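Peer 1: This is input.cif (mmCIF, C-alpha atoms).
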data_run
#
loop_
_atom_site.group_PDB
_atom_site.id
_atom_site.type_symbol
_atom_site.label_atom_id
_atom_site.label_comp_id
_atom_site.auth_asym_id
_atom_site.auth_seq_id
_atom_site.Cartn_x
_atom_site.Cartn_y
_atom_site.Cartn_z
ATOM 1 C CA MET W 26 20.711 -208.278 -205.477
ATOM 2 C CA GLU W 27 21.849 -205.108 -203.743
ATOM 3 C CA ASP W 28 25.555 -204.347 -203.592
ATOM 4 C CA THR W 29 25.437 -203.951 -199.821
ATOM 5 C CA ALA W 30 24.036 -207.465 -199.425
ATOM 6 C CA ILE W 31 26.719 -208.976 -201.659
ATOM 7 C CA ARG W 32 29.457 -207.045 -199.856
ATOM 8 C CA SER W 33 28.069 -208.292 -196.577
ATOM 9 C CA LEU W 34 28.121 -211.892 -197.813
ATOM 10 C CA ASP W 35 31.638 -211.497 -199.245
ATOM 11 C CA GLY W 36 32.779 -210.039 -195.947
ATOM 12 C CA PHE W 37 31.384 -213.002 -194.070
ATOM 13 C CA LEU W 38 32.978 -215.542 -196.402
ATOM 14 C CA GLN W 39 36.366 -213.860 -196.534
ATOM 15 C CA GLN W 40 36.732 -212.655 -192.992
ATOM 16 C CA VAL W 41 35.714 -215.761 -191.074
ATOM 17 C CA PRO W 42 38.835 -217.969 -190.928
ATOM 18 C CA TYR W 43 36.789 -221.116 -190.221
ATOM 19 C CA VAL W 44 34.904 -220.678 -193.534
ATOM 20 C CA ARG W 45 38.247 -220.841 -195.344
ATOM 21 C CA PHE W 46 39.384 -223.754 -193.177
ATOM 22 C CA LEU W 47 36.422 -225.833 -194.382
ATOM 23 C CA GLY W 48 36.799 -224.503 -197.954
ATOM 24 C CA MET W 49 33.174 -223.400 -198.226
ATOM 25 C CA ARG W 50 32.033 -221.039 -200.986
ATOM 26 C CA VAL W 51 28.672 -219.868 -202.317
ATOM 27 C CA GLU W 52 26.934 -219.467 -205.661
ATOM 28 C CA LEU W 53 24.387 -216.710 -206.162
ATOM 29 C CA ALA W 54 21.521 -216.652 -208.645
ATOM 30 C CA GLY W 55 19.836 -213.353 -207.860
ATOM 31 C CA ASP W 56 18.912 -213.586 -204.217
ATOM 32 C CA GLU W 57 19.033 -217.375 -204.250
ATOM 33 C CA MET W 58 22.148 -218.682 -202.561
ATOM 34 C CA THR W 59 23.582 -222.178 -202.748
ATOM 35 C CA ALA W 60 26.481 -222.969 -200.464
ATOM 36 C CA VAL W 61 29.099 -225.380 -201.772
ATOM 37 C CA LEU W 62 31.476 -227.498 -199.721
ATOM 38 C CA PRO W 63 34.026 -228.947 -202.167
ATOM 39 C CA PHE W 64 35.236 -232.353 -201.064
ATOM 40 C CA ARG W 65 38.539 -232.478 -199.242
ATOM 41 C CA GLU W 66 40.235 -235.421 -197.569
ATOM 42 C CA THR W 67 40.376 -233.472 -194.293
ATOM 43 C CA LEU W 68 36.561 -233.407 -194.062
ATOM 44 C CA ILE W 69 36.347 -237.181 -193.663
ATOM 45 C CA GLY W 70 35.186 -238.585 -190.342
ATOM 46 C CA ASN W 71 35.200 -242.287 -191.142
ATOM 47 C CA PRO W 72 37.916 -243.259 -193.640
ATOM 48 C CA ILE W 73 36.610 -246.815 -194.022
ATOM 49 C CA LEU W 74 33.208 -245.988 -195.486
ATOM 50 C CA PRO W 75 34.423 -243.258 -196.359
ATOM 51 C CA ALA W 76 32.011 -240.669 -194.975
ATOM 52 C CA LEU W 77 32.122 -236.951 -194.270
ATOM 53 C CA HIS W 78 32.381 -236.101 -190.580
ATOM 54 C CA GLY W 79 28.933 -235.456 -189.108
ATOM 55 C CA GLY W 80 30.306 -232.361 -187.422
ATOM 56 C CA VAL W 81 31.489 -231.030 -190.781
ATOM 57 C CA ILE W 82 28.015 -231.403 -192.283
ATOM 58 C CA GLY W 83 26.498 -229.693 -189.239
ATOM 59 C CA ALA W 84 29.037 -226.869 -189.300
ATOM 60 C CA PHE W 85 28.564 -226.404 -193.062
ATOM 61 C CA MET W 86 24.784 -226.070 -192.634
ATOM 62 C CA GLU W 87 25.234 -223.630 -189.759
ATOM 63 C CA LEU W 88 27.589 -221.513 -191.888
ATOM 64 C CA THR W 89 25.039 -221.657 -194.724
ATOM 65 C CA ALA W 90 22.432 -220.211 -192.351
ATOM 66 C CA LEU W 91 24.859 -217.468 -191.261
ATOM 67 C CA ALA W 92 25.758 -216.680 -194.892
ATOM 68 C CA GLN W 93 22.088 -216.401 -195.855
ATOM 69 C CA LEU W 94 21.530 -214.118 -192.847
ATOM 70 C CA SER W 95 24.439 -211.920 -193.908
ATOM 71 C CA LEU W 96 22.606 -211.367 -197.222
ATOM 72 C CA ALA W 97 19.307 -210.646 -195.503
ATOM 73 C CA ALA W 98 20.658 -208.301 -192.863
ATOM 74 C CA PRO W 99 23.705 -206.603 -194.395
ATOM 75 C CA GLY W 100 25.908 -204.393 -192.263
ATOM 76 C CA ARG W 101 25.232 -206.252 -189.054
ATOM 77 C CA ARG W 102 27.774 -208.318 -187.178
ATOM 78 C CA VAL W 103 27.813 -212.073 -187.704
ATOM 79 C CA PRO W 104 24.809 -213.405 -185.729
ATOM 80 C CA LYS W 105 25.486 -215.647 -182.744
ATOM 81 C CA THR W 106 24.177 -219.189 -182.911
ATOM 82 C CA ILE W 107 21.732 -219.808 -180.050
ATOM 83 C CA ASP W 108 20.899 -223.440 -180.786
ATOM 84 C CA ILE W 109 20.874 -225.923 -183.650
ATOM 85 C CA THR W 110 19.153 -229.242 -184.192
ATOM 86 C CA ILE W 111 20.721 -231.422 -186.850
ATOM 87 C CA GLU W 112 18.961 -234.346 -188.456
ATOM 88 C CA TYR W 113 21.174 -236.785 -190.335
ATOM 89 C CA LEU W 114 19.370 -238.559 -193.156
ATOM 90 C CA ARG W 115 22.074 -240.210 -195.224
ATOM 91 C CA SER W 116 25.781 -240.756 -194.928
ATOM 92 C CA GLY W 117 27.754 -237.898 -196.506
ATOM 93 C CA ARG W 118 29.957 -239.466 -199.162
ATOM 94 C CA ALA W 119 33.411 -238.363 -200.289
ATOM 95 C CA GLN W 120 32.182 -235.780 -202.785
ATOM 96 C CA ASP W 121 30.998 -232.150 -202.985
ATOM 97 C CA THR W 122 28.092 -231.131 -200.768
ATOM 98 C CA TYR W 123 25.546 -228.350 -201.304
ATOM 99 C CA ALA W 124 23.173 -226.547 -198.971
ATOM 100 C CA ARG W 125 20.412 -223.992 -199.073
ATOM 101 C CA ALA W 126 18.882 -222.047 -196.211
ATOM 102 C CA ILE W 127 15.318 -220.859 -195.760
ATOM 103 C CA LEU W 128 14.867 -217.886 -193.448
ATOM 104 C CA ARG W 129 11.627 -218.748 -191.700
ATOM 105 C CA LYS W 130 11.655 -215.525 -189.776
ATOM 106 C CA VAL W 131 14.176 -212.737 -189.322
ATOM 107 C CA GLY W 132 13.159 -210.734 -186.293
ATOM 108 C CA ARG W 133 14.874 -207.812 -184.650
ATOM 109 C CA ARG W 134 16.614 -210.085 -182.168
ATOM 110 C CA VAL W 135 16.231 -213.666 -183.347
ATOM 111 C CA ALA W 136 16.231 -215.392 -186.731
ATOM 112 C CA ASN W 137 14.714 -218.851 -187.319
ATOM 113 C CA VAL W 138 16.459 -220.696 -190.121
ATOM 114 C CA GLN W 139 16.130 -224.083 -191.796
ATOM 115 C CA VAL W 140 18.903 -225.590 -193.898
ATOM 116 C CA GLU W 141 19.041 -228.664 -196.076
ATOM 117 C CA ALA W 142 22.213 -230.285 -197.428
ATOM 118 C CA TRP W 143 22.472 -232.655 -200.363
ATOM 119 C CA GLN W 144 25.019 -234.252 -202.687
ATOM 120 C CA ASP W 145 23.827 -235.976 -205.882
ATOM 121 C CA SER W 146 20.192 -235.063 -205.738
ATOM 122 C CA ARG W 147 18.441 -232.250 -203.959
ATOM 123 C CA SER W 148 15.404 -234.481 -203.503
ATOM 124 C CA GLN W 149 17.568 -236.834 -201.436
ATOM 125 C CA PRO W 150 19.006 -234.583 -198.717
ATOM 126 C CA ILE W 151 21.808 -235.967 -196.549
ATOM 127 C CA ALA W 152 20.986 -233.738 -193.571
ATOM 128 C CA GLY W 153 18.816 -230.925 -192.293
ATOM 129 C CA LEU W 154 19.343 -228.224 -189.689
ATOM 130 C CA THR W 155 16.946 -226.023 -187.746
ATOM 131 C CA GLY W 156 18.594 -223.177 -185.899
ATOM 132 C CA HIS W 157 17.987 -220.017 -183.923
ATOM 133 C CA PHE W 158 20.397 -217.152 -184.299
ATOM 134 C CA LEU W 159 20.827 -214.003 -182.238
ATOM 135 C CA MET W 160 20.884 -210.934 -184.480
ATOM 136 C CA ARG W 161 23.368 -208.318 -183.361
ATOM 137 C CA ASN W 162 23.705 -204.605 -183.932
ATOM 138 C CA GLU W 163 26.839 -203.039 -185.256
ATOM 139 C CA GLU W 164 28.602 -202.195 -182.038
ATOM 140 C CA PRO W 165 30.408 -205.132 -180.406
ATOM 141 C CA MET A 2 44.875 -244.798 -192.929
ATOM 142 C CA SER A 3 45.068 -248.495 -193.739
ATOM 143 C CA ASP A 4 45.327 -249.482 -190.086
ATOM 144 C CA PHE A 5 42.289 -247.391 -189.063
ATOM 145 C CA ASN A 6 40.291 -250.612 -189.033
ATOM 146 C CA THR A 7 42.454 -252.321 -186.468
ATOM 147 C CA ALA A 8 43.632 -249.390 -184.345
ATOM 148 C CA PRO A 9 42.419 -249.281 -180.730
ATOM 149 C CA LEU A 10 39.543 -246.860 -180.080
ATOM 150 C CA PRO A 11 41.652 -244.020 -178.600
ATOM 151 C CA GLU A 12 43.932 -243.978 -181.649
ATOM 152 C CA ARG A 13 41.000 -244.259 -184.067
ATOM 153 C CA MET A 14 39.385 -241.178 -182.549
ATOM 154 C CA ILE A 15 42.497 -239.109 -183.251
ATOM 155 C CA MET A 16 43.215 -240.688 -186.657
ATOM 156 C CA ALA A 17 39.892 -239.734 -188.238
ATOM 157 C CA PRO A 18 41.010 -237.202 -190.882
ATOM 158 C CA HIS A 19 38.765 -234.362 -189.720
ATOM 159 C CA ALA A 20 39.673 -234.921 -186.065
ATOM 160 C CA SER A 21 43.303 -234.690 -187.033
ATOM 161 C CA ALA A 22 42.669 -231.578 -189.189
ATOM 162 C CA LEU A 23 41.050 -229.894 -186.175
ATOM 163 C CA GLY A 24 43.893 -231.082 -183.929
ATOM 164 C CA LEU A 25 41.508 -232.832 -181.540
ATOM 165 C CA THR A 26 43.153 -234.494 -178.562
ATOM 166 C CA LEU A 27 41.857 -237.295 -176.374
ATOM 167 C CA VAL A 28 41.739 -236.236 -172.730
ATOM 168 C CA SER A 29 40.217 -239.301 -171.099
ATOM 169 C CA ILE A 30 38.124 -242.345 -171.847
ATOM 170 C CA GLU A 31 36.159 -244.775 -169.692
ATOM 171 C CA LYS A 32 33.240 -247.053 -170.396
ATOM 172 C CA GLY A 33 30.388 -244.923 -171.744
ATOM 173 C CA ARG A 34 32.274 -241.658 -171.270
ATOM 174 C CA GLY A 35 34.849 -239.683 -173.140
ATOM 175 C CA VAL A 36 36.539 -236.297 -172.987
ATOM 176 C CA MET A 37 38.188 -234.639 -175.986
ATOM 177 C CA ALA A 38 39.605 -231.174 -176.624
ATOM 178 C CA ALA A 39 39.849 -228.810 -179.597
ATOM 179 C CA PRO A 40 42.792 -226.430 -179.174
ATOM 180 C CA TRP A 41 42.362 -222.836 -180.365
ATOM 181 C CA ARG A 42 43.966 -222.033 -183.698
ATOM 182 C CA GLU A 43 43.794 -218.887 -185.825
ATOM 183 C CA GLU A 44 42.197 -220.756 -188.749
ATOM 184 C CA LEU A 45 39.370 -222.074 -186.548
ATOM 185 C CA VAL A 46 38.122 -218.618 -185.573
ATOM 186 C CA GLY A 47 34.421 -217.965 -186.192
ATOM 187 C CA ASP A 48 34.279 -214.314 -185.193
ATOM 188 C CA PRO A 49 37.285 -212.336 -186.452
ATOM 189 C CA GLU A 50 36.347 -209.383 -184.238
ATOM 190 C CA THR A 51 36.778 -211.358 -181.040
ATOM 191 C CA ASP A 52 39.051 -214.288 -182.101
ATOM 192 C CA VAL A 53 36.531 -216.707 -180.584
ATOM 193 C CA ILE A 54 36.644 -220.291 -181.888
ATOM 194 C CA ALA A 55 33.839 -221.101 -184.397
ATOM 195 C CA SER A 56 30.706 -222.784 -183.075
ATOM 196 C CA GLY A 57 31.143 -225.251 -185.955
ATOM 197 C CA VAL A 58 34.326 -226.497 -184.297
ATOM 198 C CA VAL A 59 32.354 -227.038 -181.087
ATOM 199 C CA THR A 60 29.738 -228.933 -183.134
ATOM 200 C CA ALA A 61 32.365 -231.226 -184.666
ATOM 201 C CA LEU A 62 34.086 -231.716 -181.300
ATOM 202 C CA ILE A 63 30.804 -232.630 -179.601
ATOM 203 C CA ASP A 64 29.753 -234.983 -182.415
ATOM 204 C CA HIS A 65 33.134 -236.696 -182.273
ATOM 205 C CA THR A 66 33.158 -236.965 -178.478
ATOM 206 C CA CYS A 67 29.616 -238.400 -178.502
ATOM 207 C CA GLY A 68 30.859 -241.031 -180.960
ATOM 208 C CA LEU A 69 33.738 -241.819 -178.593
ATOM 209 C CA ALA A 70 31.329 -242.245 -175.661
ATOM 210 C CA ILE A 71 29.082 -244.568 -177.669
ATOM 211 C CA ASN A 72 32.013 -246.634 -178.938
ATOM 212 C CA SER A 73 33.481 -246.972 -175.469
ATOM 213 C CA ALA A 74 30.069 -248.020 -174.133
ATOM 214 C CA ILE A 75 29.727 -250.713 -176.799
ATOM 215 C CA GLY A 76 33.198 -251.995 -176.104
ATOM 216 C CA GLU A 77 33.833 -253.387 -179.581
ATOM 217 C CA PRO A 78 34.487 -251.524 -182.841
ATOM 218 C CA MET A 79 31.208 -250.995 -184.650
ATOM 219 C CA PRO A 80 30.104 -248.503 -187.296
ATOM 220 C CA ILE A 81 27.716 -245.911 -185.893
ATOM 221 C CA ALA A 82 25.884 -242.977 -187.472
ATOM 222 C CA THR A 83 24.588 -239.781 -185.900
ATOM 223 C CA LEU A 84 20.792 -239.709 -186.114
ATOM 224 C CA ASP A 85 20.271 -236.303 -184.587
ATOM 225 C CA LEU A 86 22.247 -233.802 -182.609
ATOM 226 C CA ARG A 87 20.893 -230.809 -180.705
ATOM 227 C CA ILE A 88 23.309 -228.218 -179.374
ATOM 228 C CA ASP A 89 22.611 -225.186 -177.184
ATOM 229 C CA TYR A 90 25.346 -222.584 -177.351
ATOM 230 C CA LEU A 91 25.148 -221.109 -173.881
ATOM 231 C CA ARG A 92 27.807 -218.456 -174.416
ATOM 232 C CA PRO A 93 30.798 -217.804 -176.693
ATOM 233 C CA ALA A 94 34.083 -219.367 -175.640
ATOM 234 C CA ALA A 95 36.734 -217.004 -174.315
ATOM 235 C CA PRO A 96 38.847 -215.340 -177.055
ATOM 236 C CA ARG A 97 41.817 -217.351 -178.298
ATOM 237 C CA THR A 98 40.820 -220.297 -176.105
ATOM 238 C CA GLY A 99 40.207 -223.938 -177.013
ATOM 239 C CA VAL A 100 37.184 -225.993 -176.016
ATOM 240 C CA THR A 101 36.865 -229.321 -174.196
ATOM 241 C CA ALA A 102 33.840 -231.627 -174.405
ATOM 242 C CA GLU A 103 32.677 -234.517 -172.251
ATOM 243 C CA ALA A 104 30.063 -236.964 -173.541
ATOM 244 C CA HIS A 105 28.134 -239.620 -171.647
ATOM 245 C CA ALA A 106 26.389 -242.468 -173.456
ATOM 246 C CA TYR A 107 23.723 -243.044 -170.834
ATOM 247 C CA ARG A 108 21.509 -245.544 -172.637
ATOM 248 C CA LEU A 109 22.210 -248.125 -175.324
ATOM 249 C CA THR A 110 19.655 -250.365 -176.996
ATOM 250 C CA ARG A 111 20.442 -252.923 -179.690
ATOM 251 C CA THR A 112 20.008 -250.285 -182.366
ATOM 252 C CA VAL A 113 20.208 -246.841 -180.789
ATOM 253 C CA GLY A 114 22.561 -245.040 -178.403
ATOM 254 C CA PHE A 115 21.576 -241.919 -176.466
ATOM 255 C CA VAL A 116 24.216 -239.402 -175.439
ATOM 256 C CA ARG A 117 24.467 -236.145 -173.513
ATOM 257 C CA ALA A 118 27.437 -233.839 -173.827
ATOM 258 C CA GLU A 119 28.782 -230.660 -172.288
ATOM 259 C CA ALA A 120 31.511 -228.341 -173.496
ATOM 260 C CA TRP A 121 33.538 -225.708 -171.666
ATOM 261 C CA ASP A 122 36.531 -223.507 -172.328
ATOM 262 C CA VAL A 123 38.344 -222.802 -169.051
ATOM 263 C CA ASP A 124 36.229 -224.003 -166.137
ATOM 264 C CA ARG A 125 34.381 -227.338 -166.193
ATOM 265 C CA GLY A 126 31.556 -225.693 -164.219
ATOM 266 C CA ASP A 127 31.113 -222.773 -166.630
ATOM 267 C CA LEU A 128 29.779 -224.375 -169.817
ATOM 268 C CA VAL A 129 29.832 -222.953 -173.343
ATOM 269 C CA ALA A 130 27.505 -225.600 -174.824
ATOM 270 C CA THR A 131 25.274 -228.523 -173.938
ATOM 271 C CA ALA A 132 24.142 -231.217 -176.347
ATOM 272 C CA GLN A 133 21.878 -234.204 -176.723
ATOM 273 C CA ALA A 134 22.322 -236.785 -179.470
ATOM 274 C CA ALA A 135 21.051 -240.119 -180.716
ATOM 275 C CA PHE A 136 23.156 -242.538 -182.754
ATOM 276 C CA MET A 137 22.210 -245.549 -184.854
ATOM 277 C CA LEU A 138 24.404 -248.493 -183.863
ATOM 278 C CA ASN A 139 25.892 -251.167 -186.012
ATOM 279 C CA THR A 140 24.981 -249.383 -189.227
ATOM 280 C CA ARG A 141 26.557 -252.134 -191.264
ATOM 281 C CA ALA A 142 24.837 -254.912 -189.332
ATOM 282 C CA GLN A 143 28.265 -256.452 -188.723
ATOM 283 C CA PRO A 144 30.894 -255.375 -186.222
ATOM 284 C CA LEU A 145 34.126 -254.265 -187.844
ATOM 285 C CA LYS A 146 36.996 -256.672 -187.483
ATOM 286 C CA ALA A 147 38.535 -255.908 -184.106
#
Can you turn what I pasted into structure tokens?
Peer 2:
Amino acid sequence: MEDTAIRSLDGFLQQVPYVRFLGMRVELAGDEMTAVLPFRETLIGNPILPALHGGVIGAFMELTALAQLSLAAPGRRVPKTIDITIEYLRSGRAQDTYARAILRKVGRRVANVQVEAWQDSRSQPIAGLTGHFLMRNEEP
Amino acid sequence: MSDFNTAPLPERMIMAPHASALGLTLVSIEKGRGVMAAPWREELVGDPETDVIASGVVTALIDHTCGLAINSAIGEPMPIATLDLRIDYLRPAAPRTGVTAEAHAYRLTRTVGFVRAEAWDVDRGDLVATAQAAFMLNTRAQPLKA
């Protein structure tokens, strides 16, 4: 893993306040990134079940896509989300959640990304996301 | 949160822990429709260079407001689950500005509810996001105790 890529990822994770608000972090094994969303009470949407808020799971997967893009295209500004489609497969329980992103295509202007989130078992994902992201050059 | 079960719908929408963490407020509610707002806060920023609120906050706001619209359409407390949610981010919100979302549950079957939603920052006619969602209804097969 190149230093510039890791610096770019660190920058994304540390400089985006909303990443800290959710408490998301990442684990790197070479160029393979797993995003981790440690459980917090504030992430609950339905306290009776209890279940993670669907919006939290969606936001976490979107941030996972952006984090993976920051590794793939270091030095660029945080891409803008164009659209996302979230598929909810299972209720997110009150425990840690993980996600991995696959960059289907990173073009000059647009990146196509797929993300999957899971809890106990990666073979039983709780949600998936397909998104398009606008890649941006360095100047604002 | 012990009285979450019995609280009226408007209170329940605000009491949900993540809604309260985001500071969501209920703007209005009528049968099949709901409007909620996410005020801007420093810790919710998604782009530190512009201080624009994170799109993830808009996602959570829209998901929550869609749930409100479905629940108000059903008219009785019932567990629901988001099946899918598609959001188009038409433009970034204005810097240091909160977002408001309106959702309309326009079709309910016995098992599924269909919802459209729109979100804006300043002007209701100048949208930041549009969304389409489907929810599974009555995911526990029994209505919650009202």
Peer 1: Write out as a PyMOL selection string each polymer residue whose atoms come within 10 Å of Thr110 (chain A), counting only C-alpha atoms; drop sequence neighbours fewer than 3 positions from it.
Peer 2: chain A and resi 113-115+137-138
Peer 1: Find the residues around region 73-77 of chain W up to 12 Å (all atoms listed in the file counted), leave out those fewer than 3 positions away in its own chain, and share them as number ranges by chain.
Peer 2: W: 47, 62-70, 80-85, 113, 115-122, 144, 151-152; A: 2-7, 13, 16-20, 61, 79-83, 140-141, 145-146
Peer 1: Quick one: everything within 7 Å of Ala136 (chain W), counting all atoms listed in the file, minus sequence neighbours fewer than 4 positions away in the same chain. Send it as an NGL selection string.
Peer 2: :W and (130-132 or 157-160)
Peer 1: For chain A, list the residues within 6 Å of chain W, counting only C-alpha atoms, and write the list as a short mmCIF file (atom, residue, chain, number, x, y, z; two decimals) with C-alpha atoms, in the frame of the given file.
Peer 2:
data_model
loop_
_atom_site.label_atom_id
_atom_site.label_comp_id
_atom_site.auth_asym_id
_atom_site.auth_seq_id
_atom_site.Cartn_x
_atom_site.Cartn_y
_atom_site.Cartn_z
CA ALA A 17 39.89 -239.73 -188.24
CA PRO A 18 41.01 -237.20 -190.88
CA HIS A 19 38.76 -234.36 -189.72
CA ALA A 22 42.67 -231.58 -189.19
CA GLU A 44 42.20 -220.76 -188.75
CA LEU A 45 39.37 -222.07 -186.55
CA VAL A 46 38.12 -218.62 -185.57
CA GLY A 47 34.42 -217.96 -186.19
CA PRO A 49 37.28 -212.34 -186.45
CA GLY A 57 31.14 -225.25 -185.96
CA THR A 60 29.74 -228.93 -183.13
CA ALA A 61 32.36 -231.23 -184.67
CA ASP A 64 29.75 -234.98 -182.42
CA LEU A 84 20.79 -239.71 -186.11
CA ASP A 85 20.27 -236.30 -184.59
CA LEU A 86 22.25 -233.80 -182.61
CA ARG A 87 20.89 -230.81 -180.70
CA ILE A 88 23.31 -228.22 -179.37
CA ASP A 89 22.61 -225.19 -177.18
CA TYR A 90 25.35 -222.58 -177.35
#
Peer 1: Just to confirm, what's the straight-line distance from CA of Arg92 (chain A) to CA of Lys32 (chain A) in Å (one decimal)?
Peer 2: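 Value for the CA of Arg92 (chain A)-CA of Lys32 (chain A) distance: 29.4 Å.
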Peer 1: Excluding Thr89 (chain W) and any residue of its chain fewer than 4 positions from it, enumerate the residues within 7 Å of it, using all atoms listed in the file, and give them as a ChimeraX atom specification.
Peer 2: /W:60,85,93,124-126
Peer 1: Residues at most 9 Å from Ile71 (chain A), counting all atoms listed in the file, excluding those fewer than 5 positions away in the same chain, as a list in words?
Peer 2: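 So the residues in contact are Lys32, Gly33, Arg34, Gly35, Thr66, Gly76, Ile81, Ala104, His105, Ala106, Tyr107, Leu109, Gly114, Phe115, Val116, Phe136 and Leu138 of chain A.
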Peer 1: Take the PyMOL selection byres ((chain A and resi 93-96) around 7), apply it to the structure above, and return the hits as a ChimeraX atom specification.
Peer 2: /A:51-54,92,97-98,122,129
Peer 1: Would you mind reading off the distance between CA of Arg101 (chain W) and CA of Ala54 (chain W), one decimal, in Å?
Peer 2: 22.5 Å
Peer 1: If you measure from CA of Thr29 (chain W) to CA of Glu57 (chain W), what distance in Å do you get, rounded to one decimal?
Peer 2: 15.5 Å
Peer 1: Using all atoms listed in the file, pick whichever of W:Asp56, W:Ala90, W:Tyr123, W:Ser33 has the shortest atom-to-atom distance to Asp145 (chain W).
Peer 2: W:Tyr123
